[in-house]
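Listing of target.cif, mmCIF, C-alpha atoms
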```cif
data_query
#
loop_
_atom_site.label_atom_id
_atom_site.label_comp_id
_atom_site.auth_asym_id
_atom_site.auth_seq_id
_atom_site.Cartn_x
_atom_site.Cartn_y
_atom_site.Cartn_z
CA MET A 18 -31.61 9.62 7.71
CA GLY A 19 -31.74 8.39 4.10
CA LEU A 20 -29.72 9.59 1.19
CA ASP A 21 -29.95 12.93 -0.54
CA PHE A 22 -27.54 13.53 -3.38
CA THR A 23 -28.96 16.97 -4.20
CA VAL A 24 -26.53 18.47 -1.65
CA LEU A 25 -23.58 17.57 -3.87
CA PRO A 26 -23.71 20.32 -6.58
CA GLU A 27 -23.35 23.08 -3.99
CA PHE A 28 -19.96 21.68 -2.95
CA LEU A 29 -18.80 20.68 -6.42
CA ASP A 30 -16.06 23.31 -6.49
CA THR A 31 -14.80 22.18 -3.06
CA LEU A 32 -14.46 18.64 -4.37
CA LEU A 33 -12.85 19.75 -7.63
CA LEU A 34 -10.33 21.92 -5.80
CA GLY A 35 -9.62 18.99 -3.50
CA SER A 36 -9.10 16.79 -6.57
CA LEU A 37 -6.57 19.28 -7.95
CA TRP A 38 -4.67 19.21 -4.65
CA THR A 39 -4.73 15.42 -4.69
CA ILE A 40 -3.33 15.41 -8.24
CA GLY A 41 -0.71 17.99 -7.25
CA ILE A 42 0.44 16.14 -4.16
CA THR A 43 0.47 12.82 -6.04
CA LEU A 44 2.57 14.19 -8.89
CA SER A 45 5.00 16.00 -6.57
CA ALA A 46 5.45 12.92 -4.40
CA ALA A 47 5.69 10.68 -7.48
CA ILE A 48 8.54 12.75 -8.92
CA LEU A 49 10.30 12.81 -5.53
CA SER A 50 9.84 9.05 -5.13
CA PHE A 51 11.11 8.34 -8.65
CA PHE A 52 14.37 10.27 -8.39
CA GLY A 53 14.69 9.39 -4.71
CA GLY A 54 14.27 5.75 -5.67
CA ILE A 55 17.10 5.96 -8.20
CA LEU A 56 19.34 7.71 -5.68
CA PHE A 57 18.52 5.18 -2.94
CA ALA A 58 19.12 2.27 -5.31
CA VAL A 59 22.56 3.60 -6.27
CA ILE A 60 23.42 4.18 -2.61
CA ALA A 61 22.21 0.72 -1.60
CA LEU A 62 24.32 -0.95 -4.29
CA TYR A 63 27.41 1.18 -4.80
CA ALA A 64 28.02 3.36 -1.73
CA PRO A 65 30.84 2.49 0.70
CA ALA A 66 29.84 0.17 3.53
CA VAL A 67 29.67 2.96 6.16
CA VAL A 68 26.87 4.56 4.16
CA ARG A 69 25.34 1.39 2.75
CA TYR A 70 24.54 -0.44 5.99
CA PRO A 71 22.92 2.42 7.91
CA PHE A 72 21.00 3.17 4.73
CA ARG A 73 19.69 -0.38 4.48
CA LEU A 74 18.56 -0.15 8.08
CA PHE A 75 16.68 3.05 7.25
CA ALA A 76 15.07 1.40 4.19
CA TRP A 77 14.12 -1.63 6.26
CA LEU A 78 12.44 0.64 8.84
CA PHE A 79 10.46 2.46 6.17
CA MET A 80 9.26 -0.74 4.53
CA GLY A 81 8.27 -2.36 7.81
CA THR A 82 6.12 0.38 9.29
CA PRO A 83 2.80 1.91 8.19
CA LEU A 84 2.82 5.07 6.10
CA LEU A 85 0.40 6.73 8.51
CA LEU A 86 2.89 6.31 11.35
CA GLN A 87 5.67 7.76 9.17
CA LEU A 88 3.53 10.79 8.32
CA PHE A 89 2.95 11.43 12.03
CA LEU A 90 6.68 11.10 12.65
CA ILE A 91 7.66 13.52 9.90
CA TYR A 92 4.98 16.09 10.65
CA PHE A 93 5.20 16.10 14.44
CA GLY A 94 8.82 14.97 14.68
CA LEU A 95 10.12 17.86 12.61
CA ILE A 96 8.15 20.31 14.73
CA GLN A 97 9.85 18.84 17.80
CA ILE A 98 13.30 19.55 16.38
CA GLY A 99 12.22 23.06 15.40
CA VAL A 100 11.37 22.61 11.71
CA ASP A 101 7.77 23.71 11.18
CA LEU A 102 6.94 22.55 7.66
CA PRO A 103 3.63 23.35 5.99
CA ALA A 104 1.43 20.22 6.01
CA PHE A 105 1.57 19.99 2.21
CA VAL A 106 5.38 19.85 2.21
CA ALA A 107 5.44 17.34 5.07
CA GLY A 108 2.89 15.23 3.19
CA VAL A 109 4.90 15.28 -0.05
CA ILE A 110 8.11 14.38 1.80
CA GLY A 111 6.41 11.57 3.73
CA LEU A 112 4.71 10.04 0.69
CA GLY A 113 7.78 10.64 -1.50
CA LEU A 114 10.23 9.01 0.93
CA HIS A 115 7.95 6.07 1.63
CA PHE A 116 7.53 5.26 -2.05
CA ALA A 117 11.15 6.09 -2.88
CA VAL A 118 12.14 3.19 -0.65
CA TYR A 119 9.75 0.87 -2.48
CA ASN A 120 10.92 2.16 -5.88
CA SER A 121 14.53 1.73 -4.82
CA ASP A 122 13.89 -1.96 -4.19
CA ILE A 123 12.53 -2.37 -7.72
CA ILE A 124 15.29 -0.28 -9.34
CA GLN A 125 17.97 -2.27 -7.50
CA ALA A 126 16.61 -5.43 -9.08
CA GLY A 127 16.61 -3.63 -12.45
CA ILE A 128 20.24 -2.55 -12.02
CA LEU A 129 21.32 -6.06 -11.10
CA ALA A 130 19.52 -7.38 -14.19
CA VAL A 131 21.50 -5.13 -16.58
CA ASP A 132 24.14 -7.26 -18.27
CA LYS A 133 27.54 -7.06 -16.57
CA GLY A 134 29.21 -6.61 -19.96
CA GLN A 135 27.57 -3.19 -20.24
CA PHE A 136 29.50 -1.93 -17.22
CA GLU A 137 32.73 -3.53 -18.37
CA GLY A 138 32.25 -2.16 -21.88
CA ALA A 139 31.63 1.34 -20.57
CA ARG A 140 34.73 1.18 -18.36
CA THR A 141 36.82 -0.10 -21.27
CA LEU A 142 35.64 2.82 -23.40
CA GLY A 143 37.14 5.15 -20.79
CA LEU A 144 34.05 6.18 -18.82
CA SER A 145 34.63 6.57 -15.09
CA ASN A 146 32.88 4.35 -12.54
CA TRP A 147 30.30 7.02 -11.78
CA GLN A 148 29.74 7.87 -15.46
CA SER A 149 29.15 4.22 -16.30
CA ILE A 150 26.55 3.93 -13.54
CA ARG A 151 24.85 7.20 -14.40
CA LYS A 152 24.87 7.08 -18.20
CA ILE A 153 24.88 3.37 -19.03
CA ILE A 154 23.48 1.26 -16.20
CA VAL A 155 20.75 3.40 -14.60
CA PRO A 156 18.98 4.43 -17.85
CA GLN A 157 18.68 0.80 -18.94
CA ALA A 158 17.64 -0.38 -15.49
CA VAL A 159 14.95 2.28 -15.10
CA ARG A 160 13.40 1.51 -18.52
CA ALA A 161 13.11 -2.14 -17.59
CA VAL A 162 11.25 -1.43 -14.34
CA VAL A 163 8.78 1.23 -15.48
CA PRO A 164 5.69 -1.05 -15.17
CA PRO A 165 6.21 -1.97 -11.48
CA ILE A 166 7.11 1.63 -10.66
CA GLY A 167 3.88 2.64 -12.37
CA ASN A 168 2.01 0.34 -10.01
CA ASN A 169 3.67 2.12 -7.10
CA MET A 170 2.48 5.47 -8.46
CA ILE A 171 -1.09 4.16 -8.51
CA ALA A 172 -0.68 3.00 -4.92
CA LEU A 173 0.73 6.45 -4.12
CA LEU A 174 -2.39 8.17 -5.49
CA LYS A 175 -4.59 6.12 -3.17
CA ASP A 176 -2.28 6.55 -0.18
CA SER A 177 -2.30 10.31 -0.74
CA ALA A 178 -5.67 10.19 1.09
CA LEU A 179 -3.65 9.63 4.28
CA VAL A 180 -2.20 13.13 4.28
CA SER A 181 -5.69 14.39 5.17
CA VAL A 182 -4.91 13.31 8.76
CA ILE A 183 -2.06 15.82 9.02
CA GLY A 184 -4.34 18.51 7.64
CA VAL A 185 -3.61 18.83 3.92
CA THR A 186 -6.85 19.98 2.29
CA GLU A 187 -6.84 17.43 -0.52
CA LEU A 188 -9.82 15.44 -1.74
CA THR A 189 -10.48 13.47 1.45
CA LEU A 190 -10.25 16.46 3.77
CA SER A 191 -12.33 18.55 1.33
CA ALA A 192 -15.06 15.92 1.54
CA GLN A 193 -14.77 16.05 5.35
CA LEU A 194 -15.19 19.83 5.29
CA ALA A 195 -18.35 19.51 3.19
CA ILE A 196 -19.59 16.80 5.58
CA SER A 197 -19.02 19.02 8.61
CA LYS A 198 -21.43 21.53 7.04
CA THR A 199 -24.07 19.14 5.70
CA PHE A 200 -23.78 16.06 7.97
CA ARG A 201 -24.00 13.81 4.91
CA PRO A 202 -20.94 11.52 5.08
CA PHE A 203 -22.22 8.80 2.75
CA GLU A 204 -22.90 11.12 -0.18
CA PHE A 205 -19.67 13.08 0.05
CA TYR A 206 -17.33 10.17 0.69
CA LEU A 207 -18.96 8.37 -2.24
CA ALA A 208 -18.43 11.46 -4.40
CA ALA A 209 -14.80 11.63 -3.25
CA ALA A 210 -14.38 7.94 -4.08
CA ALA A 211 -15.75 8.64 -7.57
CA CYS A 212 -13.23 11.47 -8.01
CA TYR A 213 -10.38 9.16 -6.92
CA TYR A 214 -11.61 6.51 -9.32
CA VAL A 215 -11.57 8.95 -12.25
CA ILE A 216 -8.11 10.29 -11.34
CA ASN A 217 -6.96 6.68 -11.05
CA LEU A 218 -8.24 5.89 -14.56
CA LEU A 219 -6.48 8.97 -15.95
CA LEU A 220 -3.24 8.02 -14.19
CA GLU A 221 -3.45 4.46 -15.51
CA ALA A 222 -4.01 5.72 -19.06
CA GLY A 223 -1.04 8.08 -18.72
CA LEU A 224 1.21 5.32 -17.39
CA ARG A 225 0.22 3.00 -20.24
CA ARG A 226 1.24 5.68 -22.74
CA ILE A 227 4.62 6.13 -21.07
CA GLU A 228 5.12 2.35 -21.03
CA ARG A 229 4.31 2.10 -24.74
CA ARG A 230 6.75 4.86 -25.62
CA ILE A 231 9.53 3.28 -23.63
CA GLN A 232 8.77 -0.10 -25.15
CA ALA A 233 9.06 1.49 -28.60
CA ALA A 234 12.34 3.20 -27.68
CA ARG A 235 14.00 -0.04 -26.56
CA MET B 30 16.16 8.94 22.93
CA ASP B 31 14.24 8.88 26.20
CA PHE B 32 14.38 5.20 27.21
CA ASP B 33 12.71 5.79 30.59
CA LEU B 34 9.64 7.01 28.78
CA ILE B 35 9.73 4.01 26.44
CA PHE B 36 9.87 1.61 29.38
CA ARG B 37 7.01 3.45 31.04
CA VAL B 38 4.61 3.33 28.11
CA TYR B 39 5.46 0.08 26.37
CA PRO B 40 2.77 -2.00 28.17
CA TYR B 41 0.11 0.21 26.61
CA PHE B 42 1.70 -0.30 23.20
CA LEU B 43 1.68 -4.06 23.67
CA GLN B 44 -2.01 -3.95 24.53
CA ALA B 45 -2.64 -1.91 21.41
CA ALA B 46 -0.55 -4.37 19.40
CA LEU B 47 -3.03 -7.09 20.40
CA VAL B 48 -5.80 -5.05 18.77
CA THR B 49 -3.63 -4.60 15.66
CA ILE B 50 -3.04 -8.36 15.51
CA GLN B 51 -6.76 -9.07 15.91
CA LEU B 52 -7.57 -6.60 13.13
CA ALA B 53 -4.95 -8.16 10.87
CA VAL B 54 -6.08 -11.74 11.53
CA TYR B 55 -9.83 -11.13 11.14
CA SER B 56 -9.52 -8.87 8.11
CA THR B 57 -7.07 -11.25 6.40
CA ALA B 58 -9.50 -14.13 6.97
CA LEU B 59 -12.32 -12.06 5.47
CA GLY B 60 -10.00 -10.98 2.65
CA LEU B 61 -9.18 -14.60 1.80
CA ILE B 62 -12.89 -15.43 1.61
CA CYS B 63 -13.61 -12.36 -0.56
CA GLY B 64 -10.56 -13.17 -2.69
CA ALA B 65 -11.65 -16.76 -3.27
CA LEU B 66 -15.18 -15.69 -4.19
CA GLY B 67 -13.84 -12.88 -6.39
CA ALA B 68 -11.42 -15.17 -8.21
CA ALA B 69 -14.17 -17.76 -8.73
CA ALA B 70 -16.44 -15.03 -10.15
CA ARG B 71 -13.72 -13.69 -12.44
CA LEU B 72 -12.99 -17.16 -13.82
CA SER B 73 -16.62 -18.24 -14.07
CA ARG B 74 -18.36 -19.11 -17.33
CA SER B 75 -21.19 -16.68 -16.58
CA LYS B 76 -20.67 -13.29 -18.14
CA ALA B 77 -22.64 -11.55 -15.37
CA LEU B 78 -20.47 -13.11 -12.64
CA ARG B 79 -17.31 -12.19 -14.51
CA PHE B 80 -18.53 -8.61 -14.68
CA VAL B 81 -19.35 -8.54 -10.95
CA GLY B 82 -15.87 -9.87 -10.14
CA ALA B 83 -14.14 -7.36 -12.40
CA ALA B 84 -16.22 -4.48 -11.00
CA TYR B 85 -15.38 -5.52 -7.41
CA VAL B 86 -11.66 -5.52 -8.17
CA SER B 87 -11.75 -2.29 -10.15
CA VAL B 88 -13.76 -0.28 -7.61
CA PHE B 89 -11.97 -1.47 -4.48
CA ARG B 90 -8.50 -1.20 -5.99
CA GLY B 91 -9.32 2.09 -7.71
CA THR B 92 -10.27 4.06 -4.58
CA PRO B 93 -8.38 4.66 -1.33
CA ALA B 94 -8.97 2.17 1.48
CA LEU B 95 -9.35 5.15 3.83
CA ILE B 96 -12.35 6.44 1.86
CA GLN B 97 -13.88 2.97 1.83
CA LEU B 98 -13.55 2.82 5.61
CA PHE B 99 -15.12 6.27 5.98
CA ILE B 100 -18.07 5.37 3.72
CA LEU B 101 -18.69 2.23 5.78
CA TYR B 102 -18.18 3.73 9.25
CA PHE B 103 -19.54 7.28 8.88
CA GLY B 104 -21.89 6.72 5.92
CA GLY B 105 -23.18 3.30 6.98
CA PRO B 106 -25.72 4.58 9.52
CA GLN B 107 -27.44 6.57 6.74
CA ILE B 108 -28.27 3.35 4.91
CA GLY B 109 -29.02 1.40 8.08
CA ILE B 110 -25.63 -0.19 8.76
CA GLN B 111 -24.59 0.47 12.36
CA LEU B 112 -21.12 -0.86 13.13
CA ASP B 113 -18.70 -0.07 15.90
CA ALA B 114 -15.28 1.16 14.83
CA PHE B 115 -13.56 -2.21 15.24
CA GLU B 116 -16.20 -4.07 13.19
CA ALA B 117 -16.11 -1.41 10.48
CA GLY B 118 -12.31 -1.68 10.46
CA VAL B 119 -12.33 -5.46 10.04
CA ILE B 120 -15.00 -5.41 7.32
CA GLY B 121 -13.58 -2.39 5.46
CA LEU B 122 -9.98 -3.67 5.49
CA GLY B 123 -11.06 -7.24 4.71
CA VAL B 124 -13.19 -6.38 1.69
CA ASN B 125 -10.45 -4.02 0.46
CA ILE B 126 -7.62 -6.56 0.67
CA GLY B 127 -10.00 -9.14 -0.83
CA ALA B 128 -9.90 -7.22 -4.12
CA TYR B 129 -6.10 -7.51 -4.20
CA MET B 130 -6.27 -11.16 -3.18
CA THR B 131 -8.78 -11.82 -5.98
CA GLU B 132 -6.13 -10.85 -8.49
CA THR B 133 -3.42 -12.80 -6.67
CA MET B 134 -5.52 -15.97 -6.65
CA ARG B 135 -6.72 -15.53 -10.22
CA GLY B 136 -3.13 -14.99 -11.34
CA ALA B 137 -2.00 -18.21 -9.62
CA ILE B 138 -4.88 -20.22 -11.11
CA ILE B 139 -4.38 -19.04 -14.69
CA SER B 140 -0.63 -19.54 -14.48
CA VAL B 141 -1.12 -23.29 -14.07
CA ASP B 142 -0.25 -24.69 -17.48
CA ALA B 143 -3.28 -24.90 -19.83
CA GLY B 144 -2.21 -28.37 -20.89
CA GLN B 145 -3.10 -29.63 -17.39
CA ASN B 146 -6.68 -28.56 -17.89
CA GLU B 147 -6.89 -30.06 -21.38
CA ALA B 148 -5.34 -33.36 -20.28
CA SER B 149 -7.71 -33.73 -17.30
CA ARG B 150 -10.73 -32.99 -19.45
CA THR B 151 -9.53 -35.49 -22.05
CA LEU B 152 -9.20 -38.10 -19.31
CA GLY B 153 -12.90 -37.64 -18.66
CA MET B 154 -12.82 -35.48 -15.52
CA SER B 155 -15.58 -32.90 -15.17
CA ARG B 156 -14.79 -29.17 -15.08
CA TRP B 157 -15.29 -29.16 -11.32
CA GLN B 158 -13.11 -32.23 -10.77
CA THR B 159 -10.38 -30.75 -12.94
CA MET B 160 -10.40 -27.53 -10.92
CA ASN B 161 -10.61 -29.31 -7.58
CA LYS B 162 -8.13 -32.14 -8.06
CA VAL B 163 -5.67 -30.85 -10.66
CA ILE B 164 -5.58 -27.07 -10.99
CA LEU B 165 -6.20 -25.81 -7.45
CA PRO B 166 -3.64 -28.01 -5.65
CA GLN B 167 -0.99 -26.62 -8.00
CA ALA B 168 -2.33 -23.05 -7.81
CA PHE B 169 -2.26 -23.10 -3.99
CA ARG B 170 1.49 -23.60 -4.07
CA LEU B 171 1.89 -20.68 -6.45
CA MET B 172 -0.23 -18.27 -4.43
CA ILE B 173 1.36 -18.65 -0.98
CA ARG B 174 4.20 -16.14 -1.57
CA PRO B 175 2.14 -13.43 -3.34
CA LEU B 176 -0.61 -13.79 -0.72
CA GLY B 177 2.13 -13.30 1.84
CA VAL B 178 2.90 -9.97 0.19
CA ASN B 179 -0.79 -9.03 0.43
CA ILE B 180 -0.86 -10.01 4.11
CA ASN B 181 2.31 -8.02 4.80
CA ALA B 182 0.64 -4.96 3.23
CA GLN B 183 -2.49 -5.65 5.26
CA ILE B 184 -0.61 -5.64 8.59
CA LYS B 185 0.63 -2.14 7.79
CA GLY B 186 -2.79 -1.28 6.37
CA THR B 187 -4.42 -1.85 9.77
CA ALA B 188 -2.93 1.53 10.78
CA LEU B 189 -5.71 3.17 8.73
CA VAL B 190 -8.34 2.36 11.32
CA ALA B 191 -6.60 4.85 13.62
CA ALA B 192 -8.50 7.39 11.51
CA ILE B 193 -11.84 5.97 12.74
CA SER B 194 -10.37 5.95 16.26
CA VAL B 195 -9.87 2.24 16.86
CA VAL B 196 -7.32 2.13 19.68
CA GLU B 197 -4.69 0.10 17.87
CA LEU B 198 -0.94 0.62 17.60
CA THR B 199 -0.81 3.71 15.39
CA TYR B 200 -3.65 5.42 17.26
CA THR B 201 -1.85 4.75 20.55
CA ALA B 202 1.42 6.08 19.15
CA GLN B 203 -0.38 9.16 17.86
CA ARG B 204 -2.00 9.75 21.24
CA TYR B 205 1.32 9.46 23.06
CA ILE B 206 3.01 11.71 20.54
CA GLY B 207 0.33 14.27 21.35
CA SER B 208 0.69 13.95 25.13
CA THR B 209 4.47 13.49 25.49
CA TYR B 210 5.80 15.47 22.48
CA LYS B 211 8.27 12.65 21.86
CA PRO B 212 7.48 11.56 18.29
CA PHE B 213 10.76 9.73 17.64
CA GLU B 214 10.51 7.55 20.73
CA MET B 215 6.88 6.67 20.02
CA PHE B 216 7.63 5.95 16.36
CA PHE B 217 10.55 3.76 17.38
CA LEU B 218 8.44 1.78 19.82
CA ALA B 219 5.45 1.29 17.50
CA GLY B 220 7.78 0.61 14.56
CA ILE B 221 9.59 -2.19 16.39
CA ILE B 222 6.29 -3.84 17.27
CA TYR B 223 5.01 -3.62 13.67
CA MET B 224 8.24 -5.07 12.38
CA ALA B 225 8.12 -7.90 14.91
CA ILE B 226 4.57 -8.78 13.80
CA ILE B 227 5.59 -8.67 10.14
CA TYR B 228 8.73 -10.69 10.80
CA VAL B 229 6.88 -13.48 12.59
CA THR B 230 4.20 -13.53 9.87
CA GLY B 231 6.93 -13.75 7.24
CA LEU B 232 8.43 -16.78 9.04
CA GLY B 233 5.01 -18.42 9.00
CA ILE B 234 4.56 -17.76 5.27
CA SER B 235 8.03 -19.16 4.49
CA TRP B 236 7.26 -22.24 6.54
CA LEU B 237 4.00 -22.79 4.64
CA ASP B 238 5.75 -22.22 1.34
CA ARG B 239 8.46 -24.77 2.18
CA ARG B 240 5.91 -27.33 3.34
CA ALA B 241 3.82 -26.89 0.19
CA ALA B 242 6.82 -27.22 -2.12
CA ILE B 243 7.01 -30.41 -4.16
CA ARG B 244 9.81 -32.61 -2.83
#
```

So that I can check it, write out the structure of this file as structure tokens.
Amino acid sequence: MGLDFTVLPEFLDTLLLGSLWTIGITLSAAILSFFGGILFAVIALYAPAVVRYPFRLFAWLFMGTPLLLQLFLIYFGLIQIGVDLPAFVAGVIGLGLHFAVYNSDIIQAGILAVDKGQFEGARTLGLSNWQSIRKIIVPQAVRAVVPPIGNNMIALLKDSALVSVIGVTELTLSAQLAISKTFRPFEFYLAAAACYYVINLLLEAGLRRIERRIQAAR
Amino acid sequence: MDFDLIFRVYPYFLQAALVTIQLAVYSTALGLICGALGAAARLSRSKALRFVGAAYVSVFRGTPALIQLFILYFGGPQIGIQLDAFEAGVIGLGVNIGAYMTETMRGAIISVDAGQNEASRTLGMSRWQTMNKVILPQAFRLMIRPLGVNINAQIKGTALVAAISVVELTYTAQRYIGSTYKPFEMFFLAGIIYMAIIYVTGLGISWLDRRAAIR
């Protein structure tokens, strides 16, 4: 059939709109996974045993199974129990939870690496247990683990392509829509790959800036 | 939880798990080859080879594996590459994980102390001998654990080929979710099998790591 890249300009706006959705879903899921990761880390380390052990089982399940399978579970599983979420919301929750578990693992290591004296000092100064964790330990732990969390965000951007299978019209599905009209998969998937690559470069540049600022603040 | 249903369908899941294992084994083997070549290129003295290695890593780590699979499987025929879904899955996943393994292997090689290289060269060994007899044996020990992490990710990554309709574990689970409307049961079943595969692989990696350790 050969290649013909002249079909691309006609669908440029489809691809750009898809890129915006990809950026939107990545950012939403990234924010969810960041704060979810902090919450999960605190639960995994400090919650009473009745909460902690079931939670670890849940985390273990999420780390041991493919994201695609989890997306199917969330999207179709919630329908089964009567919650019909829009695909976008299901996608953000699926991606966000999946990466929150990975972030939580990193943040836990960060929390354990904060000097014990910090906690004791905070308690001695009259802060409560919870205040010490929230205001003294977690901020220091999170700063220390920004680079590996940044790597997770980059992985999240690429894994956001998976939500196309539950019908979110982001970049990958937009390319598929253009392909269904033109029957030119090579050209459009290549164009989508180029868009992902550019978004990836932007995200990396943004993360480097955040890392530099945090490094300066320490 | 409908255990009757689980007992009825689990043989099909086990069959599908065999396909998942095959995908993981073949694509990991291909990934190790690509990773070794990529790391050699990135550490080579030739500027052109270094560029090729860096471009390989950047492009394959900078775009989603799903898109790479789609380009290969759906776009391939346009440029004369006809593959069935399983072959496309193995090649696509293998070349993708190879980019990550390139960095893992390069990281292990450059983290061997520079003094080792200098000492070997001073003792009159050639560059090749130094790499072969001094650096690599030490680097191999360092790369077993991080490669294990790559392989762990790859086992879960095989789920992607469900999107090009290879009948592996996730595709089977998806099909049964569609026909039985029991997503939790199907997730549970497929999840246990994935975790078993990952667990056994992890044991293997630990065993290798212990054997390679200097006693």

- Task: Might you spell out which residues the PyMOL selection byres ((chain A and resi 100-108) around 10) would select in the displayed file, as an MDAnalysis selection string?
- Result: chainID A and resid 38 41:43 45:46 87:99 109:114 177 179:187

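Picture a line from atom CA of Met224 of chain B to atom CA of Leu78 of chain A; it runs 7.9 Å.
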
- Item | From A:Leu84, A:Ala61, A:Ala66, A:Ala192, residue lying nearest Ala188 of chain B [all atoms listed in the file] | A:Leu84

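The interatomic distance for the pair atom CA of Arg230 of chain A and atom CA of Tyr129 of chain B works out to 27.9 Å.
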
Should the cut-off be 10 Å, what would the residue list for chain B against chain A look like, counting all atoms listed in the file, as a short mmCIF file (atom, residue, chain, number, x, y, z; two decimals) with C-alpha atoms, in the coordinates of the input?
```cif
data_model
loop_
_atom_site.label_atom_id
_atom_site.label_comp_id
_atom_site.auth_asym_id
_atom_site.auth_seq_id
_atom_site.Cartn_x
_atom_site.Cartn_y
_atom_site.Cartn_z
CA SER B 87 -11.75 -2.29 -10.15
CA VAL B 88 -13.76 -0.28 -7.61
CA PHE B 89 -11.97 -1.47 -4.48
CA ARG B 90 -8.50 -1.20 -5.99
CA GLY B 91 -9.32 2.09 -7.71
CA THR B 92 -10.27 4.06 -4.58
CA PRO B 93 -8.38 4.66 -1.33
CA ALA B 94 -8.97 2.17 1.48
CA LEU B 95 -9.35 5.15 3.83
CA ILE B 96 -12.35 6.44 1.86
CA GLN B 97 -13.88 2.97 1.83
CA LEU B 98 -13.55 2.82 5.61
CA PHE B 99 -15.12 6.27 5.98
CA ILE B 100 -18.07 5.37 3.72
CA LEU B 101 -18.69 2.23 5.78
CA TYR B 102 -18.18 3.73 9.25
CA PHE B 103 -19.54 7.28 8.88
CA GLY B 104 -21.89 6.72 5.92
CA GLY B 105 -23.18 3.30 6.98
CA PRO B 106 -25.72 4.58 9.52
CA GLN B 107 -27.44 6.57 6.74
CA ILE B 108 -28.27 3.35 4.91
CA GLY B 109 -29.02 1.40 8.08
CA ASN B 181 2.31 -8.02 4.80
CA ALA B 182 0.64 -4.96 3.23
CA GLN B 183 -2.49 -5.65 5.26
CA ILE B 184 -0.61 -5.64 8.59
CA LYS B 185 0.63 -2.14 7.79
CA GLY B 186 -2.79 -1.28 6.37
CA THR B 187 -4.42 -1.85 9.77
CA ALA B 188 -2.93 1.53 10.78
CA LEU B 189 -5.71 3.17 8.73
CA ALA B 191 -6.60 4.85 13.62
CA ALA B 192 -8.50 7.39 11.51
CA LEU B 198 -0.94 0.62 17.60
CA THR B 199 -0.81 3.71 15.39
CA TYR B 200 -3.65 5.42 17.26
CA ALA B 202 1.42 6.08 19.15
CA GLN B 203 -0.38 9.16 17.86
CA ILE B 206 3.01 11.71 20.54
CA GLY B 207 0.33 14.27 21.35
CA TYR B 210 5.80 15.47 22.48
CA LYS B 211 8.27 12.65 21.86
CA PRO B 212 7.48 11.56 18.29
CA PHE B 213 10.76 9.73 17.64
CA GLU B 214 10.51 7.55 20.73
CA MET B 215 6.88 6.67 20.02
CA PHE B 216 7.63 5.95 16.36
CA PHE B 217 10.55 3.76 17.38
CA ALA B 219 5.45 1.29 17.50
CA GLY B 220 7.78 0.61 14.56
CA ILE B 221 9.59 -2.19 16.39
CA ILE B 222 6.29 -3.84 17.27
CA TYR B 223 5.01 -3.62 13.67
CA MET B 224 8.24 -5.07 12.38
CA ALA B 225 8.12 -7.90 14.91
CA ILE B 226 4.57 -8.78 13.80
CA ILE B 227 5.59 -8.67 10.14
CA TYR B 228 8.73 -10.69 10.80
#
```

- Item | Picked residues, the PyMOL selection byres ((chain A and resi 127-138) around 9), expected as JSON, numbers by chain | {"A": [58, 59, 62, 122, 123, 124, 125, 126, 139, 140, 141, 142, 143, 146, 149, 150, 153, 154, 155, 157, 158, 159, 160, 161, 162]}

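Here atom CA of Leu59 of chain B and atom CA of Met130 of chain B stand 10.6 Å from one another.
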
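Among A:Ile55, A:Ile196, A:Leu32, A:Leu49, the residue with the shortest atom-to-atom distance to Pro156 of chain A, counting all atoms listed in the file, is A:Ile55.
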
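Restricting the calculation to only C-alpha atoms, the smallest distance between Leu33 of chain A and any of A:Ser121, A:Asn169, A:Ser50, A:Ser191 is found for A:Ser191.
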
Using all atoms listed in the file, collect all residues at a distance of at most 10 Å from (-4.0, -18.0, -13.0) as written in the file, then present them as an mmCIF file with C-alpha atoms, in the frame of the given file.
```cif
data_model
loop_
_atom_site.group_PDB
_atom_site.id
_atom_site.type_symbol
_atom_site.label_atom_id
_atom_site.label_comp_id
_atom_site.auth_asym_id
_atom_site.auth_seq_id
_atom_site.Cartn_x
_atom_site.Cartn_y
_atom_site.Cartn_z
ATOM 1 C CA ALA B 68 -11.420 -15.170 -8.210
ATOM 2 C CA LEU B 72 -12.990 -17.160 -13.820
ATOM 3 C CA GLU B 132 -6.130 -10.850 -8.490
ATOM 4 C CA THR B 133 -3.420 -12.800 -6.670
ATOM 5 C CA MET B 134 -5.520 -15.970 -6.650
ATOM 6 C CA ARG B 135 -6.720 -15.530 -10.220
ATOM 7 C CA GLY B 136 -3.130 -14.990 -11.340
ATOM 8 C CA ALA B 137 -2.000 -18.210 -9.620
ATOM 9 C CA ILE B 138 -4.880 -20.220 -11.110
ATOM 10 C CA ILE B 139 -4.380 -19.040 -14.690
ATOM 11 C CA SER B 140 -0.630 -19.540 -14.480
ATOM 12 C CA VAL B 141 -1.120 -23.290 -14.070
ATOM 13 C CA ASP B 142 -0.250 -24.690 -17.480
ATOM 14 C CA ALA B 143 -3.280 -24.900 -19.830
ATOM 15 C CA ILE B 164 -5.580 -27.070 -10.990
ATOM 16 C CA LEU B 165 -6.200 -25.810 -7.450
ATOM 17 C CA ALA B 168 -2.330 -23.050 -7.810
ATOM 18 C CA LEU B 171 1.890 -20.680 -6.450
ATOM 19 C CA MET B 172 -0.230 -18.270 -4.430
#
```

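Closest approach to Arg74 of chain B among B:Ala128, B:Arg156, B:Asn179, B:Ile35 is made by B:Arg156 (distances from only C-alpha atoms).
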
- Query: If you count all atoms listed in the file, which residues fall within 12 Å of Lys162 of chain B, apart from same-chain ones fewer than 5 positions away, as a PyMOL selection string?
  - Reply: chain B and resi 145-146+149-150+154-157+167-169
